[in-house]
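query34.txt (compact mmCIF, C-alpha atoms) appears below.
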# COMPACT_ATOMS: atom_id res chain seq x y z
CA MET A 1 8.94 -154.62 3.03
CA ILE A 2 11.00 -153.59 0.02
CA LEU A 3 7.80 -153.06 -1.93
CA LEU A 4 6.36 -150.91 0.82
CA GLY A 5 9.60 -148.94 0.96
CA CYS A 6 9.42 -148.41 -2.79
CA ALA A 7 5.81 -147.29 -2.55
CA ILE A 8 6.63 -144.78 0.19
CA LEU A 9 9.65 -143.53 -1.72
CA GLY A 10 7.58 -143.33 -4.88
CA ALA A 11 4.81 -141.41 -3.14
CA ALA A 12 7.32 -139.06 -1.57
CA PHE A 13 8.96 -138.54 -4.96
CA GLY A 14 5.56 -137.91 -6.52
CA TRP A 15 4.69 -135.41 -3.82
CA VAL A 16 7.92 -133.53 -4.38
CA VAL A 17 7.83 -133.38 -8.17
CA THR A 18 4.19 -132.32 -8.29
CA GLY A 19 4.84 -129.49 -5.82
CA PRO A 20 4.38 -125.94 -7.12
CA ASP A 21 7.38 -123.74 -7.86
CA PRO A 22 8.35 -121.69 -4.81
CA LEU A 23 7.53 -118.03 -4.41
CA ASP A 24 10.46 -115.70 -5.06
CA PRO A 25 9.88 -112.93 -2.51
CA SER A 26 12.45 -110.66 -4.17
CA TYR A 27 10.78 -110.80 -7.60
CA GLY A 28 10.89 -107.44 -9.33
CA ALA A 29 13.11 -105.85 -6.67
CA GLY A 30 14.77 -102.71 -8.02
CA LEU A 31 12.42 -102.41 -11.01
CA THR A 32 10.29 -99.28 -11.39
CA PRO A 33 6.69 -99.97 -12.44
CA ASP A 34 5.42 -98.13 -15.52
CA PRO A 35 1.63 -98.60 -15.76
CA GLU A 36 1.46 -97.02 -19.22
CA ALA A 37 3.90 -99.56 -20.61
CA GLY A 38 1.90 -102.16 -18.69
CA ALA A 39 -1.17 -101.27 -20.74
CA LEU A 40 0.66 -102.54 -23.82
CA VAL A 41 1.65 -105.78 -22.08
CA PHE A 42 -1.99 -106.09 -21.09
CA ALA A 43 -3.07 -105.60 -24.72
CA ALA A 44 -0.46 -107.99 -26.15
CA GLY A 45 -1.34 -110.56 -23.49
CA GLY A 46 -4.98 -110.40 -24.53
CA CYS A 47 -6.14 -110.35 -20.90
CA VAL A 48 -9.52 -108.76 -21.64
CA SER A 49 -10.41 -111.36 -24.26
CA CYS A 50 -10.77 -113.99 -21.54
CA HIS A 51 -11.24 -112.09 -18.29
CA ALA A 52 -13.80 -109.44 -19.27
CA ALA A 53 -17.32 -110.44 -18.35
CA PRO A 54 -18.92 -112.22 -21.34
CA LYS A 55 -20.65 -109.92 -23.85
CA SER A 56 -19.16 -106.75 -22.40
CA GLU A 57 -18.10 -104.03 -24.84
CA GLY A 58 -16.13 -100.79 -24.83
CA ASP A 59 -14.82 -99.56 -21.47
CA LYS A 60 -16.82 -102.26 -19.69
CA MET A 61 -14.26 -104.73 -21.03
CA LEU A 62 -11.76 -103.29 -18.57
CA VAL A 63 -13.83 -104.67 -15.70
CA LEU A 64 -12.10 -108.02 -15.39
CA ALA A 65 -14.90 -109.81 -13.57
CA GLY A 66 -14.27 -113.09 -15.43
CA GLY A 67 -16.90 -115.73 -16.07
CA LEU A 68 -16.23 -116.70 -19.68
CA PRO A 69 -16.53 -120.50 -20.06
CA PHE A 70 -13.83 -122.54 -21.82
CA PRO A 71 -15.15 -125.95 -22.83
CA SER A 72 -12.44 -128.60 -23.22
CA ASP A 73 -12.00 -132.37 -23.24
CA PHE A 74 -11.33 -132.18 -19.50
CA GLY A 75 -14.33 -130.14 -18.43
CA THR A 76 -15.38 -126.51 -18.57
CA PHE A 77 -13.10 -123.86 -17.13
CA HIS A 78 -14.24 -120.38 -16.17
CA ALA A 79 -12.01 -117.34 -16.38
CA PRO A 80 -11.67 -115.95 -12.84
CA ASN A 81 -12.10 -112.41 -11.56
CA ILE A 82 -8.69 -110.70 -11.89
CA SER A 83 -9.90 -107.17 -11.18
CA PRO A 84 -8.24 -105.30 -8.27
CA ASP A 85 -11.10 -106.21 -5.94
CA PRO A 86 -9.47 -107.31 -2.67
CA ASN A 87 -11.99 -110.09 -1.98
CA HIS A 88 -12.87 -111.55 -5.35
CA GLY A 89 -9.98 -110.37 -7.51
CA ILE A 90 -6.26 -109.85 -7.14
CA GLY A 91 -6.43 -106.66 -5.06
CA GLY A 92 -4.77 -108.33 -2.08
CA TRP A 93 -1.91 -109.86 -4.04
CA THR A 94 1.74 -108.92 -3.79
CA LEU A 95 3.91 -108.53 -6.89
CA PRO A 96 5.79 -111.81 -6.22
CA GLN A 97 2.45 -113.62 -5.87
CA PHE A 98 1.21 -112.08 -9.12
CA ALA A 99 4.45 -113.00 -10.89
CA ARG A 100 4.25 -116.61 -9.67
CA ALA A 101 0.63 -116.82 -10.84
CA VAL A 102 1.33 -115.40 -14.31
CA THR A 103 4.70 -116.95 -15.10
CA ARG A 104 4.56 -120.21 -13.12
CA GLY A 105 0.82 -120.93 -13.01
CA VAL A 106 0.66 -121.13 -9.20
CA SER A 107 -1.93 -119.37 -7.04
CA PRO A 108 -0.99 -117.37 -3.91
CA GLU A 109 -2.31 -120.36 -1.91
CA GLY A 110 0.25 -122.54 -3.65
CA GLN A 111 -2.19 -124.38 -5.93
CA HIS A 112 -1.49 -125.16 -9.59
CA TYR A 113 -3.65 -123.35 -12.12
CA TYR A 114 -5.13 -125.23 -15.05
CA PRO A 115 -3.24 -124.51 -18.25
CA ALA A 116 -6.33 -122.89 -19.78
CA PHE A 117 -4.47 -119.94 -18.27
CA PRO A 118 -1.59 -119.59 -20.75
CA TYR A 119 1.28 -119.50 -18.28
CA ALA A 120 3.17 -121.90 -20.55
CA ALA A 121 3.56 -118.82 -22.77
CA TYR A 122 3.64 -116.13 -20.09
CA GLN A 123 6.61 -117.85 -18.43
CA HIS A 124 8.72 -116.03 -21.03
CA LEU A 125 7.63 -112.60 -19.78
CA ALA A 126 10.49 -110.37 -18.71
CA PRO A 127 10.25 -109.23 -15.05
CA GLN A 128 9.99 -105.59 -16.14
CA ASP A 129 6.93 -106.41 -18.25
CA VAL A 130 5.33 -108.31 -15.35
CA VAL A 131 6.02 -105.37 -13.01
CA ASN A 132 4.46 -102.95 -15.52
CA LEU A 133 1.47 -105.20 -16.11
CA PHE A 134 0.82 -105.54 -12.39
CA ALA A 135 0.97 -101.76 -11.99
CA TYR A 136 -1.43 -101.21 -14.88
CA MET A 137 -3.94 -103.76 -13.61
CA GLN A 138 -4.16 -101.91 -10.27
CA THR A 139 -5.57 -98.93 -12.18
CA LEU A 140 -8.56 -100.90 -13.52
CA PRO A 141 -12.02 -100.89 -11.90
CA ALA A 142 -12.73 -103.47 -9.20
CA ALA A 143 -15.53 -106.00 -9.70
CA GLU A 144 -17.30 -107.36 -6.65
CA VAL A 145 -18.19 -110.62 -8.33
CA PRO A 146 -17.01 -114.01 -7.10
CA SER A 147 -15.18 -116.19 -9.61
CA LEU A 148 -17.14 -119.14 -10.96
CA PRO A 149 -15.86 -122.61 -10.03
CA HIS A 150 -14.44 -124.81 -12.81
CA GLU A 151 -16.60 -127.75 -13.85
CA VAL A 152 -13.96 -130.44 -13.99
CA GLY A 153 -14.42 -134.07 -12.95
CA PHE A 154 -12.07 -136.69 -11.51
CA PRO A 155 -9.15 -137.17 -12.07
CA PHE A 156 -8.60 -133.73 -13.57
CA ASN A 157 -9.91 -132.01 -10.45
CA VAL A 158 -6.84 -133.19 -8.52
CA ARG A 159 -4.73 -130.06 -8.83
CA ARG A 160 -1.61 -131.88 -7.74
CA GLY A 161 -1.83 -133.81 -11.00
CA LEU A 162 -1.12 -130.57 -12.80
CA GLY A 163 2.37 -130.79 -11.35
CA VAL A 164 2.91 -133.83 -13.55
CA TRP A 165 1.39 -131.98 -16.50
CA LYS A 166 3.80 -129.12 -15.97
CA MET A 167 6.74 -131.49 -15.68
CA LEU A 168 5.81 -133.12 -18.98
CA PHE A 169 4.71 -130.15 -21.05
CA LEU A 170 5.94 -126.90 -19.54
CA LYS A 171 9.13 -126.26 -21.50
CA ASP A 172 11.00 -123.13 -20.65
CA GLU A 173 13.01 -123.00 -23.87
CA TYR A 174 11.62 -121.27 -26.93
CA VAL A 175 10.32 -123.37 -29.84
CA MET A 176 12.28 -121.28 -32.33
CA ALA A 177 15.71 -121.94 -30.89
CA ASP A 178 17.73 -119.67 -33.16
CA VAL A 179 16.64 -116.23 -34.23
CA SER A 180 18.22 -114.41 -37.11
CA ASP A 181 17.87 -110.82 -35.90
CA ALA A 182 16.49 -108.51 -33.24
CA GLN A 183 13.14 -108.09 -34.98
CA VAL A 184 12.50 -111.84 -35.14
CA GLU A 185 13.64 -112.10 -31.52
CA ARG A 186 11.06 -109.50 -30.50
CA GLY A 187 8.50 -111.38 -32.60
CA ARG A 188 9.38 -114.60 -30.82
CA TYR A 189 8.88 -112.94 -27.46
CA LEU A 190 5.45 -111.73 -28.59
CA VAL A 191 4.26 -114.85 -30.44
CA GLU A 192 5.60 -117.53 -28.10
CA GLY A 193 5.25 -115.43 -24.95
CA MET A 194 2.97 -112.46 -24.42
CA ALA A 195 0.46 -112.97 -27.22
CA HIS A 196 0.47 -116.79 -26.69
CA CYS A 197 -0.47 -117.53 -30.33
CA GLY A 198 0.54 -121.18 -29.93
CA GLU A 199 -2.18 -121.82 -27.36
CA CYS A 200 -4.79 -121.92 -30.13
CA HIS A 201 -2.78 -122.36 -33.33
CA THR A 202 -0.75 -125.39 -32.16
CA PRO A 203 -2.36 -128.84 -31.85
CA ARG A 204 -2.43 -130.55 -28.46
CA ASN A 205 -1.87 -134.17 -27.47
CA ALA A 206 -4.38 -136.32 -25.56
CA LEU A 207 -3.29 -134.77 -22.26
CA GLY A 208 -3.61 -131.21 -23.50
CA GLY A 209 0.11 -130.63 -23.94
CA LEU A 210 1.17 -128.53 -26.94
CA GLN A 211 2.74 -130.55 -29.77
CA ARG A 212 5.77 -128.37 -30.19
CA GLU A 213 6.94 -130.32 -33.23
CA ALA A 214 3.76 -129.14 -34.97
CA TRP A 215 4.19 -125.55 -33.78
CA LEU A 216 1.55 -123.14 -35.15
CA THR A 217 0.38 -125.63 -37.77
CA GLY A 218 -3.28 -125.31 -36.79
CA ALA A 219 -5.57 -127.25 -34.48
CA PRO A 220 -9.19 -128.24 -34.04
CA ASN A 221 -11.24 -125.48 -32.46
CA PRO A 222 -11.92 -126.50 -28.84
CA SER A 223 -15.48 -125.22 -29.28
CA GLY A 224 -15.94 -128.30 -31.48
CA LYS A 225 -16.71 -126.30 -34.59
CA GLY A 226 -14.14 -125.85 -37.33
CA ARG A 227 -10.37 -125.56 -37.25
CA ILE A 228 -7.96 -122.90 -36.16
CA PRO A 229 -5.71 -122.41 -39.18
CA SER A 230 -2.02 -123.09 -39.62
CA ILE A 231 -0.05 -119.85 -39.68
CA THR A 232 3.29 -121.25 -40.81
CA PRO A 233 4.65 -120.18 -44.21
CA ALA A 234 4.01 -123.72 -45.49
CA HIS A 235 0.26 -123.08 -45.32
CA LEU A 236 -0.11 -119.31 -45.23
CA ASP A 237 1.40 -117.42 -48.14
CA TRP A 238 0.62 -113.91 -46.90
CA SER A 239 3.33 -111.30 -47.36
CA GLN A 240 4.89 -109.40 -44.49
CA ALA A 241 2.71 -106.39 -45.44
CA ASP A 242 -0.41 -108.61 -45.55
CA LEU A 243 0.28 -109.88 -42.03
CA VAL A 244 0.92 -106.40 -40.62
CA GLU A 245 -2.28 -105.07 -42.20
CA TYR A 246 -4.22 -108.01 -40.75
CA PHE A 247 -2.89 -107.31 -37.25
CA THR A 248 -3.67 -103.60 -37.67
CA SER A 249 -7.10 -103.50 -39.29
CA GLY A 250 -8.14 -107.14 -39.36
CA PHE A 251 -8.30 -107.18 -43.15
CA THR A 252 -7.17 -110.33 -44.92
CA PRO A 253 -5.45 -110.02 -48.32
CA GLU A 254 -8.95 -110.52 -49.83
CA TYR A 255 -10.26 -107.70 -47.62
CA ASP A 256 -12.43 -110.00 -45.68
CA SER A 257 -12.18 -109.37 -41.95
CA ALA A 258 -11.00 -111.45 -39.06
CA GLY A 259 -13.82 -113.23 -37.27
CA GLY A 260 -14.47 -115.01 -33.99
CA GLU A 261 -11.72 -115.01 -31.40
CA MET A 262 -9.24 -113.65 -33.92
CA ALA A 263 -11.22 -110.42 -34.24
CA GLU A 264 -10.57 -109.89 -30.53
CA VAL A 265 -6.91 -110.70 -30.98
CA VAL A 266 -6.70 -108.07 -33.72
CA ARG A 267 -8.37 -105.54 -31.43
CA ASN A 268 -5.58 -106.20 -28.93
CA LEU A 269 -2.73 -106.23 -31.44
CA ALA A 270 -3.96 -103.00 -33.03
CA GLN A 271 -3.09 -101.20 -29.78
CA LEU A 272 0.59 -102.18 -30.02
CA PRO A 273 3.22 -100.08 -31.75
CA GLU A 274 3.52 -100.89 -35.46
CA SER A 275 7.05 -102.21 -34.82
CA ASP A 276 5.56 -104.99 -32.67
CA ARG A 277 3.09 -106.02 -35.37
CA GLU A 278 5.99 -106.03 -37.85
CA ALA A 279 8.00 -108.18 -35.44
CA ILE A 280 5.19 -110.73 -35.13
CA ALA A 281 4.95 -110.89 -38.92
CA ALA A 282 8.73 -111.28 -39.24
CA TYR A 283 8.67 -114.16 -36.75
CA LEU A 284 5.89 -115.95 -38.65
CA LYS A 285 7.78 -115.52 -41.93
CA ALA A 286 10.88 -116.98 -40.23
CA LEU A 287 9.11 -120.21 -39.23
CA PRO A 288 10.13 -123.39 -41.06
CA GLY A 289 8.41 -124.03 -44.38
CA GLY A 290 9.03 -120.55 -45.76
CA MET B 1 -69.33 -142.64 -56.74
CA HIS B 2 -66.70 -143.79 -54.37
CA LEU B 3 -64.22 -143.87 -57.16
CA THR B 4 -65.00 -140.31 -58.25
CA LYS B 5 -64.63 -139.09 -54.70
CA SER B 6 -61.30 -140.82 -54.34
CA ILE B 7 -60.01 -139.45 -57.61
CA THR B 8 -61.08 -135.95 -56.60
CA ALA B 9 -59.34 -136.34 -53.26
CA ILE B 10 -56.17 -137.58 -54.89
CA SER B 11 -56.19 -134.81 -57.46
CA LEU B 12 -56.76 -132.19 -54.79
CA GLY B 13 -53.95 -133.70 -52.73
CA ALA B 14 -51.63 -133.69 -55.70
CA LEU B 15 -52.55 -130.11 -56.46
CA VAL B 16 -51.79 -129.05 -52.88
CA ILE B 17 -48.43 -130.82 -52.96
CA ALA B 18 -47.58 -129.34 -56.35
CA THR B 19 -48.50 -125.83 -55.19
CA ALA B 20 -46.47 -126.20 -52.01
CA GLY B 21 -43.57 -127.49 -54.07
CA PHE B 22 -43.81 -124.56 -56.44
CA ALA B 23 -44.04 -122.08 -53.58
CA ALA B 24 -40.98 -123.61 -51.91
CA GLY B 25 -39.06 -123.51 -55.18
CA HIS B 26 -40.04 -119.91 -55.75
CA SER B 27 -39.04 -118.69 -52.28
CA ASP B 28 -35.81 -120.74 -52.41
CA LYS B 29 -34.88 -118.90 -55.53
CA ALA B 30 -35.70 -115.52 -54.03
CA ALA B 31 -33.74 -116.35 -50.89
CA ALA B 32 -30.71 -117.53 -52.85
CA ALA B 33 -30.87 -114.38 -54.98
CA ALA B 34 -30.98 -112.20 -51.86
CA VAL B 35 -27.94 -113.97 -50.43
CA GLY B 36 -26.19 -113.55 -53.78
CA ALA B 37 -26.95 -109.83 -53.77
CA ARG B 38 -25.53 -109.49 -50.24
CA HIS B 39 -22.37 -111.23 -51.33
CA ALA B 40 -22.14 -108.87 -54.28
CA GLN B 41 -22.48 -105.92 -51.92
CA MET B 42 -19.74 -107.32 -49.69
CA GLN B 43 -17.57 -107.84 -52.73
CA LEU B 44 -18.00 -104.24 -53.81
CA ILE B 45 -16.99 -103.15 -50.33
CA ALA B 46 -14.01 -105.52 -50.28
CA TYR B 47 -12.88 -104.46 -53.77
CA HIS B 48 -12.75 -100.79 -52.91
CA THR B 49 -11.25 -101.45 -49.50
CA GLY B 50 -8.60 -103.39 -51.40
CA ILE B 51 -7.68 -100.34 -53.49
CA LEU B 52 -7.19 -98.34 -50.30
CA GLY B 53 -5.47 -101.24 -48.53
CA GLY B 54 -2.99 -101.67 -51.36
CA MET B 55 -1.89 -98.07 -50.79
CA ALA B 56 -1.84 -98.53 -47.00
CA LYS B 57 0.40 -101.59 -47.36
CA GLY B 58 2.72 -99.82 -49.80
CA GLU B 59 1.89 -102.25 -52.60
CA ALA B 60 0.48 -99.41 -54.69
CA GLU B 61 1.63 -95.82 -54.78
CA TYR B 62 -0.59 -93.39 -52.89
CA ASP B 63 -2.87 -91.57 -55.32
CA ALA B 64 -5.19 -89.10 -53.60
CA GLU B 65 -7.69 -88.92 -56.48
CA LYS B 66 -7.96 -92.67 -56.89
CA ALA B 67 -8.21 -93.17 -53.15
CA LYS B 68 -11.03 -90.65 -52.95
CA VAL B 69 -13.02 -92.39 -55.66
CA ALA B 70 -12.48 -95.79 -54.05
CA ALA B 71 -13.65 -94.44 -50.69
CA SER B 72 -16.69 -92.85 -52.24
CA ASN B 73 -17.69 -96.08 -54.00
CA LEU B 74 -17.07 -97.97 -50.79
CA HIS B 75 -19.33 -95.59 -48.93
CA ALA B 76 -22.01 -95.92 -51.61
CA ALA B 77 -21.92 -99.72 -51.29
CA ALA B 78 -22.04 -99.47 -47.50
CA THR B 79 -25.10 -97.23 -47.55
CA LEU B 80 -27.35 -99.33 -49.77
CA ASP B 81 -30.77 -99.85 -48.22
CA THR B 82 -30.59 -103.30 -46.64
CA SER B 83 -34.31 -104.10 -46.61
CA THR B 84 -34.37 -105.63 -50.08
CA MET B 85 -31.45 -108.00 -49.45
CA TRP B 86 -31.60 -108.93 -45.76
CA ILE B 87 -34.91 -110.73 -46.00
CA GLU B 88 -36.12 -113.09 -43.31
CA GLY B 89 -35.48 -116.79 -43.60
CA THR B 90 -32.09 -116.35 -45.27
CA GLU B 91 -29.81 -117.13 -42.35
CA ASN B 92 -27.08 -119.73 -42.27
CA GLY B 93 -28.53 -123.20 -42.65
CA MET B 94 -31.62 -121.96 -44.49
CA VAL B 95 -29.94 -120.92 -47.71
CA GLU B 96 -26.81 -122.41 -49.19
CA GLY B 97 -23.87 -120.05 -48.95
CA SER B 98 -25.44 -117.85 -46.29
CA ASP B 99 -23.15 -117.10 -43.36
CA ALA B 100 -25.59 -114.73 -41.70
CA LYS B 101 -26.43 -115.61 -38.12
CA ALA B 102 -30.10 -115.63 -37.12
CA GLU B 103 -29.17 -112.72 -34.81
CA VAL B 104 -29.25 -110.42 -37.85
CA TRP B 105 -33.04 -110.66 -37.53
CA THR B 106 -33.56 -111.52 -33.87
CA ASP B 107 -31.32 -108.60 -32.85
CA ALA B 108 -32.13 -106.28 -35.74
CA GLU B 109 -31.33 -103.20 -33.67
CA GLY B 110 -27.83 -104.38 -32.85
CA PHE B 111 -27.23 -105.30 -36.46
CA ALA B 112 -28.41 -101.86 -37.61
CA SER B 113 -26.09 -100.14 -35.16
CA LYS B 114 -23.13 -102.17 -36.43
CA LEU B 115 -24.02 -101.18 -39.98
CA GLU B 116 -24.19 -97.57 -38.87
CA ASN B 117 -20.65 -97.89 -37.49
CA LEU B 118 -19.51 -99.04 -40.91
CA GLN B 119 -21.22 -96.09 -42.55
CA THR B 120 -19.54 -93.71 -40.10
CA ALA B 121 -16.17 -95.27 -40.88
CA SER B 122 -16.72 -95.22 -44.64
CA ALA B 123 -17.90 -91.59 -44.50
CA ALA B 124 -14.76 -90.68 -42.55
CA MET B 125 -12.68 -92.56 -45.08
CA MET B 126 -13.99 -90.33 -47.89
CA ASP B 127 -12.27 -87.41 -46.16
CA ALA B 128 -9.23 -89.33 -45.00
CA ALA B 129 -8.43 -91.06 -48.29
CA GLY B 130 -7.87 -87.79 -50.16
CA THR B 131 -5.94 -86.13 -47.33
CA ASP B 132 -2.73 -88.13 -47.15
CA LEU B 133 -1.38 -91.64 -46.69
CA ASP B 134 -1.24 -91.46 -42.88
CA ALA B 135 -4.89 -90.41 -42.68
CA LEU B 136 -5.79 -93.23 -45.05
CA LYS B 137 -3.92 -95.76 -42.90
CA ALA B 138 -5.72 -94.58 -39.77
CA GLY B 139 -9.01 -94.83 -41.64
CA MET B 140 -8.24 -98.44 -42.54
CA GLY B 141 -8.04 -99.31 -38.86
CA ASN B 142 -11.50 -97.89 -38.17
CA LEU B 143 -12.95 -99.51 -41.25
CA GLY B 144 -11.50 -102.86 -40.25
CA LYS B 145 -12.88 -102.51 -36.75
CA ALA B 146 -16.35 -101.81 -38.11
CA CYS B 147 -16.23 -104.79 -40.48
CA GLY B 148 -14.80 -107.10 -37.83
CA ALA B 149 -17.22 -106.08 -35.08
CA CYS B 150 -20.22 -106.92 -37.23
CA HIS B 151 -18.76 -110.15 -38.59
CA ASP B 152 -17.90 -111.15 -35.06
CA ASP B 153 -21.49 -110.94 -33.89
CA TYR B 154 -23.56 -111.57 -36.98
CA ARG B 155 -21.59 -113.94 -39.20
CA VAL B 156 -21.01 -117.62 -38.47
CA PRO B 157 -17.32 -118.39 -37.96
CA LYS B 158 -15.51 -119.83 -40.94
CA SER B 159 -14.26 -123.33 -40.50
Since I need it in another form, could you write the structure as structure tokens?
Amino acid sequence: MILLGCAILGAAFGWVVTGPDPLDPSYGAGLTPDPEAGALVFAAGGCVSCHAAPKSEGDKMLVLAGGLPFPSDFGTFHAPNISPDPNHGIGGWTLPQFARAVTRGVSPEGQHYYPAFPYAAYQHLAPQDVVNLFAYMQTLPAAEVPSLPHEVGFPFNVRRGLGVWKMLFLKDEYVMADVSDAQVERGRYLVEGMAHCGECHTPRNALGGLQREAWLTGAPNPSGKGRIPSITPAHLDWSQADLVEYFTSGFTPEYDSAGGEMAEVVRNLAQLPESDREAIAAYLKALPGG
Amino acid sequence: MHLTKSITAISLGALVIATAGFAAGHSDKAAAAAVGARHAQMQLIAYHTGILGGMAKGEAEYDAEKAKVAASNLHAAATLDTSTMWIEGTENGMVEGSDAKAEVWTDAEGFASKLENLQTASAAMMDAAGTDLDALKAGMGNLGKACGACHDDYRVPKS
């Protein structure tokens, strides 16, 4: 009897803690959307790099039809359609629903998203930036393409389990606890938040949680080939000017160019104001090991 | 009689193997040399981009004359006829040191268009470099885009 009681209590507890964060219906109230500013959030967030249809180029990249596969130890995820199409994309979403999706990783239906979607980083987004981003994304072309289902087996296909994942690994405090000045603070917002650099440059544990104690120290490439490099000062001796040039033109100090996914990141970062690229560089130089 | 036949067969066999071996050695050498020449071309491009980049970064003082010469050499290196160096069978995995994807040859048209983008950017840089520092900086962005776009599609990722 006691055992049964414990089991019921345990199950109830489990059900509660794995529940998605509630929707805040007043999110963004009183904020004025600025789609032009949203375009910069969109660039810094690197949305096109994952959500554009694979192999698209130029203006076609703004059609966020999704479809790009992300192989992982847990299965293959597919980036969904996030174009303003009302049926297949996010055209029917409200701002609070969009904000919950981006910053809490919860769908309008109240289902957890897989953390292939970098909400662990986007949770830091300021409401004004989310409001601007949402406004900008409404201006993009709609794609009448259904999203591809994820290819994920048991037990990882139990979405409720992601509630446990979030409880264990979704930390709302910044990794760099103390910032020395406003520039580094802006850099922290970009690196740890919007631009989600840690998602690739930080190693993960067996459950896919970021190893924050090894922040930005490099990780195996999930594609299985090669390593994503450490970008802490202990391993990367580039100057502030070297870093800014890299984010602007993609040139390394040897005047080789960024390749692979990083070439796309540079394409995104190049659209930001120079002060933002300088802030990212200042943050990286401020990491331990410098 | 039998013996003679056998000896002839063996000799012929040995000759065939030796010839094949020589041919392989010869083409290996030519392939490695072609890859070496491509690397030299890339190095020429990188070296002159570095002169411009040093000014863009503020590591070196802006010097219009020097920038113009660097851009013109860069453009010269970027407009070399590729047919002598980008020979078939020299992709990654076939020749040591080659990072070229097989797509360079299987999608020759795409590769050529990426090269053309570089030549457009390097031609524009010849004008920009001598104009002023801001023009040079803007030119660096376009140059970098052209380099990166091609490397992205036609060079194997570095590990």
Practice prompt. Compute the set of chain B residues within 6 Å of chain A, using all atoms listed in the file, and express it as a PyMOL selection string.
Written response: chain B and resi 46+50+57+141+144+148+151-152+157+159
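Straight-line separation from CA of Pro84 (chain A) to CA of Pro273 (chain A): 26.6 Å.
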Discussion item. If I take CA of Pro288 (chain A) and CA of Trp238 (chain A), how far is one from the other in Å, to one decimal?
Written reply: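 Those two atoms sit 14.6 Å apart.
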Worksheet item: Between B:Ala146, B:Met85, B:Met125, B:Ala112, which has the minimum distance to Ser98 (chain B) (counting all atoms listed in the file)?
Response: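 Residue with the minimum atom-to-atom distance to Ser98 (chain B): B:Met85.
Among the candidates B:Lys145, B:Arg155, B:Lys68, B:His39, the one nearest to Lys101 (chain B) when counting all atoms listed in the file is B:Arg155.
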Worksheet, complete the sentence: Between CA of Ala31 (chain B) and CA of Ala100 (chain B) lies a distance of 12.4 Å
Discussion item. Calculated over all atoms listed in the file, which of the candidates A:Gly14, A:Pro155, A:Gly28, A:Gly224 has the smallest distance to Gln97 (chain A)?
Written reply: A:Gly28
Hey, could you pull the box centre and edge lengths for region 96-113 of chain B, axis-aligned, 6 Å padding per side, all listed atoms, to one decimal in Å, as lines of an AutoDock Vina configuration file?
center_x = -28.4
center_y = -111.3
center_z = -41.0
size_x = 22.4
size_y = 34.3
size_z = 28.3
Fill in: All residues 12 Å or closer to Pro71 (chain A), all atoms listed in the file, same chain fewer than 2 positions away omitted, as a list in words
Leu68, Pro69, Asp73, Phe74, Gly75, Thr76, Phe77, His78, Ala79, Ala116, His150, Glu151, Val152, Asn221, Pro222, Ser223, Gly224 and Lys225 of chain A
Worksheet item: So which residues touch region 132-141 of chain A within 12 Å, counting only C-alpha atoms, skipping near sequence neighbours fewer than 6 positions away, as a PyMOL selection string?
Response: chain A and resi 28+31-48+52+59-65+81-86+89-102+122+125-126+194
Worksheet entry | Long-range neighbours of region 172-179 of chain A as a PyMOL selection string, 8 Å cut-off, all atoms listed in the file, 4 positions minimum in chain | chain A and resi 120+123-124+184-185+188+192+212+215+287
Atoms kept (C-alpha atoms) for selection, written as an mmCIF file, in the frame of the given file:
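Just written: out09.cif:
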data_model
loop_
_atom_site.group_PDB
_atom_site.id
_atom_site.type_symbol
_atom_site.label_atom_id
_atom_site.label_comp_id
_atom_site.auth_asym_id
_atom_site.auth_seq_id
_atom_site.Cartn_x
_atom_site.Cartn_y
_atom_site.Cartn_z
ATOM 1 C CA ALA A 120 3.170 -121.900 -20.550
ATOM 2 C CA GLN A 123 6.610 -117.850 -18.430
ATOM 3 C CA HIS A 124 8.720 -116.030 -21.030
ATOM 4 C CA VAL A 184 12.500 -111.840 -35.140
ATOM 5 C CA GLU A 185 13.640 -112.100 -31.520
ATOM 6 C CA ARG A 188 9.380 -114.600 -30.820
ATOM 7 C CA GLU A 192 5.600 -117.530 -28.100
ATOM 8 C CA ARG A 212 5.770 -128.370 -30.190
ATOM 9 C CA TRP A 215 4.190 -125.550 -33.780
ATOM 10 C CA LEU A 287 9.110 -120.210 -39.230
#
Worksheet entry | Nearest to Cys200 (chain A) by atom-to-atom distance, counting all atoms listed in the file, from A:Asn157, A:Ser180, A:Ser230, A:Gln271 |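 So, comparing all the options, the nearest one is A:Ser230.
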Shell of 8 Å around Ala123 (chain B), all atoms listed in the file, local chain residues under 4 positions omitted, as a PDB file with C-alpha atoms, in the coordinates of the input:
ATOM      1  CA  SER B  72     -16.690 -92.850 -52.240  1.00  0.00           C
ATOM      2  CA  HIS B  75     -19.330 -95.590 -48.930  1.00  0.00           C
ATOM      3  CA  GLN B 119     -21.220 -96.090 -42.550  1.00  0.00           C
ATOM      4  CA  ASP B 127     -12.270 -87.410 -46.160  1.00  0.00           C
TER       5      ASP B 127
END
Discussion item. Please return as a list in words every residue within 10 Å of (-23.7, -98.5, -46.8), taking into account only C-alpha atoms and the file's own coordinates.
Written reply: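 The residues that fall inside the cut-off are Gln41, Ile45, Asn73, Leu74, His75, Ala76, Ala77, Ala78, Thr79, Leu80, Asp81, Thr82, Leu115, Glu116, Asn117, Leu118, Gln119, Thr120, Ser122 and Ala123 of chain B.
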Fill in: Nearest to Asp134 (chain B) by atom-to-atom distance, counting all atoms listed in the file, from B:Val35, B:Val104, B:Ala56, B:Cys150
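Closest residue, counting all atoms listed in the file: B:Ala56.
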